[in-house]
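All remarks here apply to the structure that follows.
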Amino acid sequence: MNNRVIEEYKQLLLQNKAWVEQKTLEDADFFKKLSKIQSPKFLWIGCSDSRVPANEITGTKPGEVFVHRNIANMVVNTDMNLLSVLDYAVNVLTVEHVIVCGHYGCGGVRAAMGQQQYGLIDNWIRDIKDVYRTHYEELEAIADLTARENRLVELNVIEQVYDLSKTSIIQSAWKKRGGPYIHGWVYNLETGLINDLNVTYHSNSELPAFYRLMID
């Protein structure tokens, strides 16, 4: 076995013990409180990128944000993992806000802009290519490739927020309890700041008629 690799693994366990000790020093009942039923107000749908930890960048504590992550923060209507998380968060935890958060410098978005074959992920990022096709004229008019990529990151988030609003899970919740709000954000890795795209939905009346479901 590679000793360096094993030591890196063991380091995680050591850091866990140090973290527990620190938290216990700060609050002796921290883990007793944390072990109780969670009641987060937010569902975070973000990218799997390890540089975008939901709790850290929002300054929230464990238990305050329910999190789902996948490559390029996608909302795919056949993704049972995403839909199960969404259903639980909206109908059991009754979150008040659902946030789709992308980030500039997203590898999934960058891959979707190119033609290289990567493997299974090609099927996943095809939906991002569809976003590019939908906004083709706007994106092609941006000469700087980094700026074009950043705009595609934003447009992808906007489209995912829109796709969330089309789900029966969200539309049923809107009718039954008047929530949640759905928002679109982009995180800037270079500054640590969140860019609120000011795209928010709270009712299916904001959707074209053919997307509105007749909820009993």
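Labels used: A, B, ... for chains in the order of the structure tokens, numbers from 1 for residues in each chain, and numbers from 1 for ligands as shown.
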As an MDAnalysis selection string, please: all residues of chain A that backbone DSSP puts in strand (DSSP E).
-> chainID A and resid 42:47 65:70 97:103 181:187 194:201
What are the closest atom pairs, with distances in Å to one decimal, for all residues of stretch 82-121 of chain A lying within 12 Å of stretch 45-53 of chain A? Consider only C-alpha atoms, order rows by chain and residue number, and present the result as CSV.
residue,atom,partner,partner_atom,distance
A:Leu82,CA,A:Ile45,CA,8.6
A:Leu83,CA,A:Ile45,CA,11.1
A:Val85,CA,A:Ile45,CA,9.5
A:Leu86,CA,A:Ile45,CA,9.1
A:Ala89,CA,A:Ile45,CA,11.1
A:His97,CA,A:Ile45,CA,10.9
A:Val98,CA,A:Ile45,CA,7.5
A:Ile99,CA,A:Ile45,CA,6.0
A:Val100,CA,A:Ile45,CA,4.8
A:Cys101,CA,A:Gly46,CA,4.9
A:Gly102,CA,A:Gly46,CA,6.0
A:His103,CA,A:Cys47,CA,7.6
A:Tyr104,CA,A:Val52,CA,10.5
A:Gly105,CA,A:Asp49,CA,10.0
A:Cys106,CA,A:Asp49,CA,7.8
A:Gly107,CA,A:Asp49,CA,8.4
A:Gly108,CA,A:Cys47,CA,9.0
A:Val109,CA,A:Cys47,CA,10.6
Every residue of stretch 5-215 of chain A that DSSP places in alpha helix (DSSP H), as a PyMOL selection string | chain A and resi 5-26+30-34+54-58+80-87+107-113+121-134+136-140+145-165+168-177
Would you mind listing what lies within 12 Å of A:Val157 as a PyMOL selection string, with only C-alpha atoms counted and same-chain residues fewer than 3 positions away left out?
-> chain A and resi 45-47+72-75+99-104+106+109+127-128+131+150-154+160-164+182-187+195-200
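Closest to A:Leu145 among A:Val92, A:Leu34, A:Met113, A:Tyr201 is A:Met113, based on only C-alpha atoms.
One finds atom CA of A:Lys41 at 11.2 Å from atom CA of A:Gly179.
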